[in-house]
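Here's run16.cif, which has mmCIF, C-alpha atoms; chains and numbers go by the auth columns:
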```cif
data_target
#
loop_
_atom_site.group_PDB
_atom_site.id
_atom_site.type_symbol
_atom_site.label_atom_id
_atom_site.label_comp_id
_atom_site.label_asym_id
_atom_site.label_seq_id
_atom_site.Cartn_x
_atom_site.Cartn_y
_atom_site.Cartn_z
_atom_site.B_iso_or_equiv
_atom_site.auth_seq_id
_atom_site.auth_asym_id
ATOM 1 C CA MET A 1 48.102 6.107 -27.767 0.00 153 A
ATOM 2 C CA GLU A 2 45.469 5.043 -25.205 0.00 154 A
ATOM 3 C CA GLU A 3 46.268 5.385 -21.478 0.00 155 A
ATOM 4 C CA LYS A 4 45.909 2.303 -19.334 0.00 156 A
ATOM 5 C CA PRO A 5 43.655 2.621 -16.325 0.00 157 A
ATOM 6 C CA ASP A 6 45.452 2.976 -13.014 0.00 158 A
ATOM 7 C CA VAL A 7 44.782 -0.480 -11.590 0.00 159 A
ATOM 8 C CA GLU A 8 46.548 0.230 -8.310 0.00 160 A
ATOM 9 C CA MET A 9 44.333 3.236 -7.542 0.00 161 A
ATOM 10 C CA ALA A 10 41.208 1.166 -8.157 0.00 162 A
ATOM 11 C CA GLU A 11 42.199 -1.446 -5.611 0.00 163 A
ATOM 12 C CA ASN A 12 40.517 -1.505 -2.195 0.00 164 A
ATOM 13 C CA PRO A 13 42.805 0.470 0.205 0.00 165 A
ATOM 14 C CA PHE A 14 41.756 -1.800 3.088 0.00 166 A
ATOM 15 C CA GLU A 15 42.716 -4.975 1.221 0.00 167 A
ATOM 16 C CA PRO A 16 46.092 -5.430 3.001 0.00 168 A
ATOM 17 C CA TYR A 17 44.339 -5.394 6.398 0.00 169 A
ATOM 18 C CA ILE A 18 41.362 -7.643 5.662 0.00 170 A
ATOM 19 C CA GLU A 19 43.240 -10.942 5.350 0.00 171 A
ATOM 20 C CA PRO A 20 45.251 -10.576 8.621 0.00 172 A
ATOM 21 C CA LEU A 21 42.086 -9.565 10.452 0.00 173 A
ATOM 22 C CA ARG A 22 40.256 -12.612 9.096 0.00 174 A
ATOM 23 C CA ARG A 23 43.048 -14.926 10.283 0.00 175 A
ATOM 24 C CA GLN A 24 43.013 -13.282 13.733 0.00 176 A
ATOM 25 C CA LEU A 25 39.261 -13.826 14.094 0.00 177 A
ATOM 26 C CA GLU A 26 39.566 -17.485 13.012 0.00 178 A
ATOM 27 C CA ASN A 27 42.088 -18.085 15.800 0.00 179 A
ATOM 28 C CA GLN A 28 39.868 -16.555 18.504 0.00 180 A
ATOM 29 C CA GLU A 29 37.602 -18.506 20.831 0.00 181 A
ATOM 30 C CA PRO A 30 33.847 -18.427 19.988 0.00 182 A
ATOM 31 C CA VAL A 31 33.144 -16.747 23.352 0.00 183 A
ATOM 32 C CA PHE A 32 35.378 -13.817 22.372 0.00 184 A
ATOM 33 C CA LEU A 33 33.622 -13.423 19.036 0.00 185 A
ATOM 34 C CA ILE A 34 30.213 -13.468 20.705 0.00 186 A
ATOM 35 C CA GLY A 35 31.393 -10.783 23.104 0.00 187 A
ATOM 36 C CA VAL A 36 32.536 -8.577 20.228 0.00 188 A
ATOM 37 C CA ILE A 37 29.216 -8.988 18.432 0.00 189 A
ATOM 38 C CA VAL A 38 27.232 -8.169 21.583 0.00 190 A
ATOM 39 C CA ALA A 39 29.363 -5.075 22.234 0.00 191 A
ATOM 40 C CA LEU A 40 28.829 -3.840 18.676 0.00 192 A
ATOM 41 C CA ALA A 41 25.091 -4.443 18.993 0.00 193 A
ATOM 42 C CA VAL A 42 24.962 -2.408 22.223 0.00 194 A
ATOM 43 C CA VAL A 43 26.855 0.489 20.636 0.00 195 A
ATOM 44 C CA ILE A 44 24.604 0.531 17.563 0.00 196 A
ATOM 45 C CA SER A 45 21.425 0.296 19.675 0.00 197 A
ATOM 46 C CA SER A 46 22.610 3.148 21.915 0.00 198 A
ATOM 47 C CA CYS A 47 23.299 5.364 18.901 0.00 199 A
ATOM 48 C CA VAL A 48 19.879 4.653 17.414 0.00 200 A
ATOM 49 C CA PHE A 49 18.129 5.339 20.741 0.00 201 A
ATOM 50 C CA LEU A 50 20.071 8.572 21.303 0.00 202 A
ATOM 51 C CA LYS A 51 19.232 9.818 17.818 0.00 203 A
ATOM 52 C CA TYR A 52 15.540 9.032 18.348 0.00 204 A
ATOM 53 C CA PHE A 53 15.514 10.699 21.771 0.00 205 A
ATOM 54 C CA LEU A 54 17.160 13.898 20.550 0.00 206 A
ATOM 55 C CA SER A 55 14.988 14.160 17.443 0.00 207 A
ATOM 56 C CA SER A 56 11.755 13.586 19.403 0.00 208 A
ATOM 57 C CA LYS A 57 12.553 16.106 22.148 0.00 209 A
ATOM 58 C CA THR A 58 10.192 19.076 21.911 0.00 210 A
ATOM 59 C CA VAL A 59 11.636 22.566 22.088 0.00 211 A
ATOM 60 C CA ARG A 60 9.453 24.598 24.459 0.00 212 A
ATOM 61 C CA SER A 61 9.432 28.077 22.937 0.00 213 A
ATOM 62 C CA ALA A 62 5.731 29.028 23.017 0.00 214 A
ATOM 63 C CA VAL A 63 3.878 31.476 25.236 0.00 215 A
ATOM 64 C CA LEU A 64 0.218 30.437 25.409 0.00 216 A
ATOM 65 C CA LEU A 65 -2.609 32.899 26.053 0.00 217 A
ATOM 66 C CA VAL A 66 -5.509 31.029 27.663 0.00 218 A
ATOM 67 C CA GLY A 67 -8.656 31.954 29.577 0.00 219 A
ATOM 68 C CA LEU A 68 -12.441 32.128 29.389 0.00 220 A
ATOM 69 C CA CYS A 69 -14.306 33.795 26.538 0.00 221 A
ATOM 70 C CA ASP A 70 -14.283 37.618 26.584 0.00 222 A
ATOM 71 C CA SER A 71 -11.426 37.816 29.071 0.00 223 A
ATOM 72 C CA GLY A 72 -9.504 39.967 26.595 0.00 224 A
ATOM 73 C CA LYS A 73 -6.960 37.422 25.304 0.00 225 A
ATOM 74 C CA THR A 74 -7.093 38.424 21.643 0.00 226 A
ATOM 75 C CA LEU A 75 -6.741 42.152 22.313 0.00 227 A
ATOM 76 C CA LEU A 76 -3.877 41.334 24.684 0.00 228 A
ATOM 77 C CA PHE A 77 -2.316 39.270 21.889 0.00 229 A
ATOM 78 C CA CYS A 78 -2.542 42.257 19.502 0.00 230 A
ATOM 79 C CA ARG A 79 -1.223 44.732 22.058 0.00 231 A
ATOM 80 C CA LEU A 80 1.808 42.588 22.932 0.00 232 A
ATOM 81 C CA LEU A 81 2.711 42.206 19.268 0.00 233 A
ATOM 82 C CA SER A 82 2.056 45.678 17.868 0.00 234 A
ATOM 83 C CA GLY A 83 1.050 47.902 20.768 0.00 235 A
ATOM 84 C CA LYS A 84 -2.000 48.961 18.797 0.00 236 A
ATOM 85 C CA PHE A 85 -5.675 48.695 19.699 0.00 237 A
ATOM 86 C CA LYS A 86 -7.741 46.402 17.500 0.00 238 A
ATOM 87 C CA ARG A 87 -11.395 45.448 17.656 0.00 239 A
ATOM 88 C CA THR A 88 -11.694 41.712 18.164 0.00 240 A
ATOM 89 C CA GLN A 89 -14.265 38.954 18.229 0.00 241 A
ATOM 90 C CA THR A 90 -14.486 35.574 19.911 0.00 242 A
ATOM 91 C CA SER A 91 -11.750 33.299 18.563 0.00 243 A
ATOM 92 C CA ILE A 92 -12.668 29.916 17.105 0.00 244 A
ATOM 93 C CA THR A 93 -9.114 28.899 16.239 0.00 245 A
ATOM 94 C CA ASP A 94 -5.578 29.653 17.369 0.00 246 A
ATOM 95 C CA SER A 95 -3.476 32.620 16.241 0.00 247 A
ATOM 96 C CA SER A 96 0.303 32.781 16.515 0.00 248 A
ATOM 97 C CA ALA A 97 3.154 35.177 15.795 0.00 249 A
ATOM 98 C CA PRO A 98 6.755 35.775 16.927 0.00 250 A
ATOM 99 C CA TYR A 99 7.025 37.896 20.090 0.00 251 A
ATOM 100 C CA LYS A 100 10.285 39.604 21.061 0.00 252 A
ATOM 101 C CA ALA A 101 10.636 40.035 24.806 0.00 253 A
ATOM 102 C CA LYS A 102 11.540 43.471 26.132 0.00 254 A
ATOM 103 C CA SER A 103 14.814 42.472 27.741 0.00 255 A
ATOM 104 C CA ASP A 104 18.565 42.820 27.181 0.00 256 A
ATOM 105 C CA ARG A 105 18.663 39.315 25.733 0.00 257 A
ATOM 106 C CA GLY A 106 15.851 40.110 23.317 0.00 258 A
ATOM 107 C CA SER A 107 14.603 36.504 23.329 0.00 259 A
ATOM 108 C CA THR A 108 11.938 35.666 20.773 0.00 260 A
ATOM 109 C CA TRP A 109 9.045 33.345 21.621 0.00 261 A
ATOM 110 C CA THR A 110 6.010 32.170 19.677 0.00 262 A
ATOM 111 C CA LEU A 111 2.952 33.896 21.141 0.00 263 A
ATOM 112 C CA ILE A 112 -0.184 31.753 20.663 0.00 264 A
ATOM 113 C CA ASP A 113 -3.740 32.928 21.377 0.00 265 A
ATOM 114 C CA LEU A 114 -5.987 29.929 22.119 0.00 266 A
ATOM 115 C CA PRO A 115 -9.805 29.953 21.869 0.00 267 A
ATOM 116 C CA GLY A 116 -11.571 30.435 25.192 0.00 268 A
ATOM 117 C CA HIS A 117 -14.866 28.750 24.370 0.00 269 A
ATOM 118 C CA GLU A 118 -15.524 25.764 26.604 0.00 270 A
ATOM 119 C CA SER A 119 -16.035 23.406 23.646 0.00 271 A
ATOM 120 C CA LEU A 120 -12.693 24.364 22.057 0.00 272 A
ATOM 121 C CA ARG A 121 -10.164 25.302 24.724 0.00 273 A
ATOM 122 C CA SER A 122 -9.331 21.758 25.881 0.00 274 A
ATOM 123 C CA GLN A 123 -8.436 20.487 22.415 0.00 275 A
ATOM 124 C CA TYR A 124 -6.246 23.509 21.657 0.00 276 A
ATOM 125 C CA LEU A 125 -4.504 23.312 25.013 0.00 277 A
ATOM 126 C CA GLU A 126 -3.835 19.632 24.320 0.00 278 A
ATOM 127 C CA LYS A 127 -2.321 20.587 20.953 0.00 279 A
ATOM 128 C CA PHE A 128 0.127 23.192 22.264 0.00 280 A
ATOM 129 C CA LYS A 129 0.773 22.408 25.955 0.00 281 A
ATOM 130 C CA SER A 130 3.974 20.414 25.359 0.00 282 A
ATOM 131 C CA THR A 131 5.571 23.425 23.620 0.00 283 A
ATOM 132 C CA ALA A 132 4.738 25.930 26.373 0.00 284 A
ATOM 133 C CA ARG A 133 7.579 27.829 27.965 0.00 285 A
ATOM 134 C CA ALA A 134 4.997 29.988 29.714 0.00 286 A
ATOM 135 C CA ILE A 135 1.222 30.108 30.024 0.00 287 A
ATOM 136 C CA VAL A 136 -0.558 33.441 30.440 0.00 288 A
ATOM 137 C CA PHE A 137 -3.917 32.746 32.068 0.00 289 A
ATOM 138 C CA VAL A 138 -6.080 35.806 31.340 0.00 290 A
ATOM 139 C CA VAL A 139 -8.825 36.733 33.840 0.00 291 A
ATOM 140 C CA ASP A 140 -11.566 39.346 33.419 0.00 292 A
ATOM 141 C CA SER A 141 -11.052 41.256 36.682 0.00 293 A
ATOM 142 C CA ALA A 142 -14.240 43.281 36.221 0.00 294 A
ATOM 143 C CA ILE A 143 -16.606 40.284 36.392 0.00 295 A
ATOM 144 C CA PHE A 144 -14.328 37.871 38.231 0.00 296 A
ATOM 145 C CA GLN A 145 -16.805 37.458 41.098 0.00 297 A
ATOM 146 C CA LYS A 146 -19.410 36.054 38.691 0.00 298 A
ATOM 147 C CA GLU A 147 -16.950 33.767 36.900 0.00 299 A
ATOM 148 C CA VAL A 148 -14.802 32.609 39.812 0.00 300 A
ATOM 149 C CA ARG A 149 -16.105 29.026 39.660 0.00 301 A
ATOM 150 C CA ASP A 150 -15.552 28.682 35.898 0.00 302 A
ATOM 151 C CA VAL A 151 -12.126 30.339 36.116 0.00 303 A
ATOM 152 C CA ALA A 152 -11.087 28.002 38.941 0.00 304 A
ATOM 153 C CA GLU A 153 -12.257 24.872 37.097 0.00 305 A
ATOM 154 C CA PHE A 154 -10.284 25.778 33.971 0.00 306 A
ATOM 155 C CA LEU A 155 -7.216 26.676 36.019 0.00 307 A
ATOM 156 C CA TYR A 156 -7.548 23.447 38.029 0.00 308 A
ATOM 157 C CA ASP A 157 -7.537 21.368 34.827 0.00 309 A
ATOM 158 C CA LEU A 158 -4.478 23.237 33.611 0.00 310 A
ATOM 159 C CA LEU A 159 -2.475 22.967 36.835 0.00 311 A
ATOM 160 C CA THR A 160 -3.198 19.247 37.340 0.00 312 A
ATOM 161 C CA ASP A 161 -2.321 18.250 33.775 0.00 313 A
ATOM 162 C CA ILE A 162 0.545 15.727 33.847 0.00 314 A
ATOM 163 C CA VAL A 163 2.431 17.230 30.872 0.00 315 A
ATOM 164 C CA ILE A 164 2.194 20.778 32.225 0.00 316 A
ATOM 165 C CA SER A 165 3.139 19.637 35.743 0.00 317 A
ATOM 166 C CA ARG A 166 6.175 17.758 34.400 0.00 318 A
ATOM 167 C CA ASN A 167 7.410 20.577 32.127 0.00 319 A
ATOM 168 C CA ALA A 168 6.632 23.246 34.777 0.00 320 A
ATOM 169 C CA PRO A 169 6.235 26.261 32.466 0.00 321 A
ATOM 170 C CA ALA A 170 5.939 29.673 34.094 0.00 322 A
ATOM 171 C CA ILE A 171 2.292 30.467 34.888 0.00 323 A
ATOM 172 C CA ILE A 172 1.300 34.139 34.708 0.00 324 A
ATOM 173 C CA VAL A 173 -2.233 34.979 35.818 0.00 325 A
ATOM 174 C CA ALA A 174 -2.954 38.244 33.987 0.00 326 A
ATOM 175 C CA CYS A 175 -5.720 40.087 35.856 0.00 327 A
ATOM 176 C CA ASN A 176 -6.981 42.040 32.856 0.00 328 A
ATOM 177 C CA LYS A 177 -9.387 44.994 32.493 0.00 329 A
ATOM 178 C CA GLN A 178 -7.959 46.911 35.444 0.00 330 A
ATOM 179 C CA ASP A 179 -9.144 50.112 33.712 0.00 331 A
ATOM 180 C CA ILE A 180 -12.708 49.273 34.807 0.00 332 A
ATOM 181 C CA THR A 181 -13.718 50.743 38.186 0.00 333 A
ATOM 182 C CA MET A 182 -15.139 47.513 39.649 0.00 334 A
ATOM 183 C CA ALA A 183 -12.104 45.397 38.703 0.00 335 A
ATOM 184 C CA LYS A 184 -10.760 43.137 41.461 0.00 336 A
ATOM 185 C CA SER A 185 -7.101 43.407 42.459 0.00 337 A
ATOM 186 C CA ALA A 186 -4.570 40.678 41.660 0.00 338 A
ATOM 187 C CA LYS A 187 -4.142 39.937 45.371 0.00 339 A
ATOM 188 C CA LEU A 188 -7.877 39.422 45.911 0.00 340 A
ATOM 189 C CA ILE A 189 -8.155 37.259 42.784 0.00 341 A
ATOM 190 C CA GLN A 190 -5.265 35.085 44.006 0.00 342 A
ATOM 191 C CA GLN A 191 -6.828 34.621 47.443 0.00 343 A
ATOM 192 C CA GLN A 192 -10.257 33.718 46.062 0.00 344 A
ATOM 193 C CA LEU A 193 -8.790 31.304 43.520 0.00 345 A
ATOM 194 C CA GLU A 194 -6.819 29.531 46.244 0.00 346 A
ATOM 195 C CA LYS A 195 -10.022 29.018 48.243 0.00 347 A
ATOM 196 C CA GLU A 196 -11.971 27.854 45.192 0.00 348 A
ATOM 197 C CA LEU A 197 -9.204 25.511 44.042 0.00 349 A
ATOM 198 C CA ASN A 198 -9.014 24.047 47.549 0.00 350 A
ATOM 199 C CA THR A 199 -12.752 23.254 47.366 0.00 351 A
ATOM 200 C CA LEU A 200 -12.392 21.770 43.878 0.00 352 A
ATOM 201 C CA ARG A 201 -9.526 19.591 45.052 0.00 353 A
ATOM 202 C CA VAL A 202 -11.720 18.048 47.743 0.00 354 A
ATOM 203 C CA THR A 203 -14.535 17.265 45.293 0.00 355 A
ATOM 204 C CA ARG A 204 -12.231 15.803 42.631 0.00 356 A
ATOM 205 C CA SER A 205 -9.530 14.068 44.677 0.00 357 A
ATOM 206 C CA ALA A 206 -11.645 10.925 45.060 0.00 358 A
ATOM 207 C CA ALA A 207 -10.921 10.185 41.385 0.00 359 A
ATOM 208 C CA LEU A 208 -7.171 10.107 42.012 0.00 360 A
ATOM 209 C CA SER A 209 -6.655 6.471 42.880 0.00 361 A
ATOM 210 C CA SER A 210 -3.374 5.290 41.356 0.00 362 A
ATOM 211 C CA GLN A 211 -0.220 4.930 43.452 0.00 363 A
ATOM 212 C CA ASP A 212 1.559 7.868 41.840 0.00 364 A
ATOM 213 C CA GLY A 213 -1.418 10.126 42.539 0.00 365 A
ATOM 214 C CA SER A 214 -2.508 10.403 38.933 0.00 366 A
ATOM 215 C CA ILE A 215 -5.339 9.120 36.821 0.00 367 A
ATOM 216 C CA GLY A 216 -6.656 10.140 33.447 0.00 368 A
ATOM 217 C CA GLY A 217 -3.786 12.574 32.837 0.00 369 A
ATOM 218 C CA SER A 218 -4.208 14.504 36.100 0.00 370 A
ATOM 219 C CA MET A 219 -2.024 15.132 39.153 0.00 371 A
ATOM 220 C CA TYR A 220 -2.950 15.886 42.747 0.00 372 A
ATOM 221 C CA LEU A 221 -3.045 19.658 43.236 0.00 373 A
ATOM 222 C CA GLY A 222 -0.723 21.036 45.916 0.00 374 A
ATOM 223 C CA LYS A 223 0.235 19.207 49.126 0.00 375 A
ATOM 224 C CA LYS A 224 -1.950 16.666 50.845 0.00 376 A
ATOM 225 C CA GLY A 225 -3.143 17.606 54.306 0.00 377 A
ATOM 226 C CA LYS A 226 -2.697 21.350 53.719 0.00 378 A
ATOM 227 C CA ASP A 227 -4.997 24.057 52.370 0.00 379 A
ATOM 228 C CA PHE A 228 -4.029 24.848 48.811 0.00 380 A
ATOM 229 C CA GLU A 229 -1.640 27.692 48.020 0.00 381 A
ATOM 230 C CA PHE A 230 -0.001 28.470 44.689 0.00 382 A
ATOM 231 C CA GLY A 231 3.411 28.334 46.371 0.00 383 A
ATOM 232 C CA GLN A 232 3.012 24.543 46.753 0.00 384 A
ATOM 233 C CA LEU A 233 3.252 23.955 42.995 0.00 385 A
ATOM 234 C CA SER A 234 6.365 22.807 41.123 0.00 386 A
ATOM 235 C CA MET A 235 5.880 25.660 38.649 0.00 387 A
ATOM 236 C CA LYS A 236 6.186 29.341 39.427 0.00 388 A
ATOM 237 C CA VAL A 237 2.847 31.198 39.453 0.00 389 A
ATOM 238 C CA GLU A 238 2.715 34.993 39.329 0.00 390 A
ATOM 239 C CA PHE A 239 -0.308 37.299 39.475 0.00 391 A
ATOM 240 C CA VAL A 240 -0.070 40.614 37.620 0.00 392 A
ATOM 241 C CA GLU A 241 -2.532 43.415 36.942 0.00 393 A
ATOM 242 C CA CYS A 242 -2.910 44.693 33.391 0.00 394 A
ATOM 243 C CA SER A 243 -5.256 46.394 30.971 0.00 395 A
ATOM 244 C CA ALA A 244 -5.147 45.499 27.296 0.00 396 A
ATOM 245 C CA ARG A 245 -7.609 48.307 26.549 0.00 397 A
ATOM 246 C CA GLY A 246 -5.843 50.968 28.623 0.00 398 A
ATOM 247 C CA SER A 247 -7.168 53.693 30.888 0.00 399 A
ATOM 248 C CA LYS A 248 -7.645 56.054 27.936 0.00 400 A
ATOM 249 C CA SER A 249 -9.677 53.500 25.991 0.00 401 A
ATOM 250 C CA GLU A 250 -8.867 52.962 22.305 0.00 402 A
ATOM 251 C CA ASP A 251 -6.777 56.120 21.960 0.00 403 A
ATOM 252 C CA GLY A 252 -4.357 55.325 24.766 0.00 404 A
ATOM 253 C CA ASP A 253 -1.630 52.785 25.362 0.00 405 A
ATOM 254 C CA ALA A 254 -2.225 49.445 27.016 0.00 406 A
ATOM 255 C CA GLU A 255 -1.027 48.977 30.591 0.00 407 A
ATOM 256 C CA LEU A 256 1.087 45.852 30.265 0.00 408 A
ATOM 257 C CA GLU A 257 4.337 46.770 32.002 0.00 409 A
ATOM 258 C CA ARG A 258 4.111 44.113 34.732 0.00 410 A
ATOM 259 C CA LEU A 259 3.136 41.402 32.271 0.00 411 A
ATOM 260 C CA GLU A 260 5.957 42.346 29.905 0.00 412 A
ATOM 261 C CA LYS A 261 8.453 42.205 32.785 0.00 413 A
ATOM 262 C CA CYS A 262 7.341 38.643 33.544 0.00 414 A
ATOM 263 C CA LEU A 263 7.758 37.648 29.897 0.00 415 A
ATOM 264 C CA ALA A 264 11.185 39.296 29.798 0.00 416 A
ATOM 265 C CA LYS A 265 12.380 36.911 32.528 0.00 417 A
ATOM 266 C CA LEU A 266 11.587 33.730 30.570 0.00 418 A
#
```
Kindly transcribe the structure held in the file into structure tokens.
Amino acid sequence: MEEKPDVEMAENPFEPYIEPLRRQLENQEPVFLIGVIVALAVVISSCVFLKYFLSSKTVRSAVLLVGLCDSGKTLLFCRLLSGKFKRTQTSITDSSAPYKAKSDRGSTWTLIDLPGHESLRSQYLEKFKSTARAIVFVVDSAIFQKEVRDVAEFLYDLLTDIVISRNAPAIIVACNKQDITMAKSAKLIQQQLEKELNTLRVTRSAALSSQDGSIGGSMYLGKKGKDFEFGQLSMKVEFVECSARGSKSEDGDAELERLEKCLAKL
């Protein structure tokens, strides 16, 4: 004998409430109904906006290695990841890998080595700058005196970038190649860069004409009316000495303790 379908279970469970609700709405003034519709529209719009905002928010978990060509970025990249010496060549694209900080928290960041060639570095910095939790600006301490102008110009562009200024990632100036006898100290490099950046600010500030002090994606560097110092910036800037090669050349360990301590604090 065939079973009859359960008609009661198939009925809409909200059916008993629909008709009373309809009668209530019919008895309401049009102004009330409009108010309800507007309120619902505001709630829905807020939910959509919040979902879009949260989904579009970038998680800043990258540590960028930047600097001029031959400053030792790629060897530094290898040393931080594996501790081993590796012969390198000038990078023409980015390289990335997970880096675990040497701290109690053991935080893991994405370490990204960006090309240092003048024709490439801007486009790669543009690609990754919004994800930067920290930027390691690598300087060749041995020939810094010859490159001070080029180093300062690149650093100026980085520090006045609107996205970087807004996000305020930690800036670590890694004064590399300290194993070489003629290498300049971190303190001297900081002092000379402050002087050079102050000069650059004077020559470029004429282009900053908008009311908020920005034009073409750049911000005014430091405080107006005062000689430039790194302490004037919204982001923390630290200078550390290091040697990716190490004092014992290829056979020895790199000297990265101060740099690793900075990364451990991120």
Counting only C-alpha atoms, the residue among A:Arg285, A:Leu228, A:Ile244, A:Asp292 that lies closest to Asn319 in chain A is A:Arg285
A straight line from CA of Ala284 in chain A to CA of Lys252 in chain A spans 15.7 Å
Please write as a compact mmCIF listing (two decimals) with C-alpha atoms, keeping the file's coordinate frame the list of polymer residues whose atoms come within 12 Å of (-13.6, 50.3, 34.6), counting only C-alpha atoms and keeping to the coordinates of the file.
```
# COMPACT_ATOMS: atom_id res chain seq x y z
CA ASP A 292 -11.57 39.35 33.42
CA SER A 293 -11.05 41.26 36.68
CA ALA A 294 -14.24 43.28 36.22
CA ILE A 295 -16.61 40.28 36.39
CA ASN A 328 -6.98 42.04 32.86
CA LYS A 329 -9.39 44.99 32.49
CA GLN A 330 -7.96 46.91 35.44
CA ASP A 331 -9.14 50.11 33.71
CA ILE A 332 -12.71 49.27 34.81
CA THR A 333 -13.72 50.74 38.19
CA MET A 334 -15.14 47.51 39.65
CA ALA A 335 -12.10 45.40 38.70
CA LYS A 336 -10.76 43.14 41.46
CA SER A 395 -5.26 46.39 30.97
CA ARG A 397 -7.61 48.31 26.55
CA GLY A 398 -5.84 50.97 28.62
CA SER A 399 -7.17 53.69 30.89
CA LYS A 400 -7.64 56.05 27.94
CA SER A 401 -9.68 53.50 25.99
```
Using the file's own x, y and z axes, so that the box edges lie along x, y and z, what centre and edge lengths in Å (one decimal) does a box around every listed atom of range 310-313 of chain A get when 6 Å is added on each side? Give it as AutoDock Vina command-line options.
```
--center_x -3.4 --center_y 20.7 --center_z 35.5 --size_x 14.2 --size_y 17.0 --size_z 15.7
```
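Of note, CA of Lys339 in chain A and CA of Lys378 in chain A are spaced 20.4 Å apart.
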| said: Translate the PyMOL selection byres ((chain A and resi 349-356) around 7) into a concrete residue list for this structure, as a PyMOL selection string. | reply: chain A and resi 304+308+345-348+357-359+373+379-380
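Minimum atom-to-atom distances from A:Arg410, A:Arg212, A:Lys375, A:Lys225 to Asp265 in chain A were compared using all atoms listed in the file, and the lowest value belongs to A:Lys225.
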As a check of understanding: the span from CA of Gly219 in chain A to CA of Lys254 in chain A is 23.5 Å
Can you give me, as a PDB file with C-alpha atoms, in the coordinates of the input, the residues this file yields under the PyMOL selection byres ((chain A and resi 280) around 10)?
```
ATOM      1  CA  ARG A 212       9.453  24.598  24.459  1.00  0.00           C
ATOM      2  CA  ALA A 214       5.731  29.028  23.017  1.00  0.00           C
ATOM      3  CA  VAL A 215       3.878  31.476  25.236  1.00  0.00           C
ATOM      4  CA  LEU A 216       0.218  30.437  25.409  1.00  0.00           C
ATOM      5  CA  ASP A 246      -5.578  29.653  17.369  1.00  0.00           C
ATOM      6  CA  ILE A 264      -0.184  31.753  20.663  1.00  0.00           C
ATOM      7  CA  LEU A 266      -5.987  29.929  22.119  1.00  0.00           C
ATOM      8  CA  GLN A 275      -8.436  20.487  22.415  1.00  0.00           C
ATOM      9  CA  TYR A 276      -6.246  23.509  21.657  1.00  0.00           C
ATOM     10  CA  LEU A 277      -4.504  23.312  25.013  1.00  0.00           C
ATOM     11  CA  GLU A 278      -3.835  19.632  24.320  1.00  0.00           C
ATOM     12  CA  LYS A 279      -2.321  20.587  20.953  1.00  0.00           C
ATOM     13  CA  LYS A 281       0.773  22.408  25.955  1.00  0.00           C
ATOM     14  CA  SER A 282       3.974  20.414  25.359  1.00  0.00           C
ATOM     15  CA  THR A 283       5.571  23.425  23.620  1.00  0.00           C
ATOM     16  CA  ALA A 284       4.738  25.930  26.373  1.00  0.00           C
TER      17      ALA A 284
END
```
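Once Leu311 in chain A and its same-chain neighbours fewer than 6 positions away are set aside, Glu305, Ser317, Ala320, Ile323, Ser370, Met371, Tyr372, Leu373, Gly374, Phe382, Leu385, Ser386 and Met387 of chain A remain within 10 Å of it when counting only C-alpha atoms.
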Of A:Ser223, A:Ser259, A:Ser234, A:Thr312, the one sitting nearest Cys327 in chain A when using all atoms listed in the file is A:Ser223
For this structure, which residues satisfy the selection - the PyMOL selection byres ((chain A and resi 262) around 8) - when it is evaluated on the file as given? I want them as a PyMOL selection string. chain A and resi 213-215+248-251+260-261+263-264
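In terms of minimum interatomic distance to Phe306 in chain A, A:Glu270 ranks closest within A:Asp222, A:Asp256, A:Glu402, A:Glu270, counting only C-alpha atoms.
Checking A:Ala338, A:Pro321, A:Arg273, A:Leu233 one by one against Asp309 in chain A, counting only C-alpha atoms, you find the shortest gap at A:Arg273.
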Mind listing as a short mmCIF file (atom, residue, chain, number, x, y, z; two decimals) with C-alpha atoms, in the coordinates of the input all residues within 8 Å of (-3.1, 47.6, 26.2), counting all atoms listed in the file?
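Saved the output as result.cif:
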```
data_model
loop_
_atom_site.label_atom_id
_atom_site.label_comp_id
_atom_site.auth_asym_id
_atom_site.auth_seq_id
_atom_site.Cartn_x
_atom_site.Cartn_y
_atom_site.Cartn_z
CA LEU A 227 -6.74 42.15 22.31
CA LEU A 228 -3.88 41.33 24.68
CA ARG A 231 -1.22 44.73 22.06
CA LEU A 232 1.81 42.59 22.93
CA GLY A 235 1.05 47.90 20.77
CA LYS A 236 -2.00 48.96 18.80
CA PHE A 237 -5.68 48.70 19.70
CA CYS A 394 -2.91 44.69 33.39
CA SER A 395 -5.26 46.39 30.97
CA ALA A 396 -5.15 45.50 27.30
CA ARG A 397 -7.61 48.31 26.55
CA GLY A 398 -5.84 50.97 28.62
CA GLY A 404 -4.36 55.32 24.77
CA ASP A 405 -1.63 52.78 25.36
CA ALA A 406 -2.22 49.44 27.02
CA GLU A 407 -1.03 48.98 30.59
CA LEU A 408 1.09 45.85 30.26
#
```
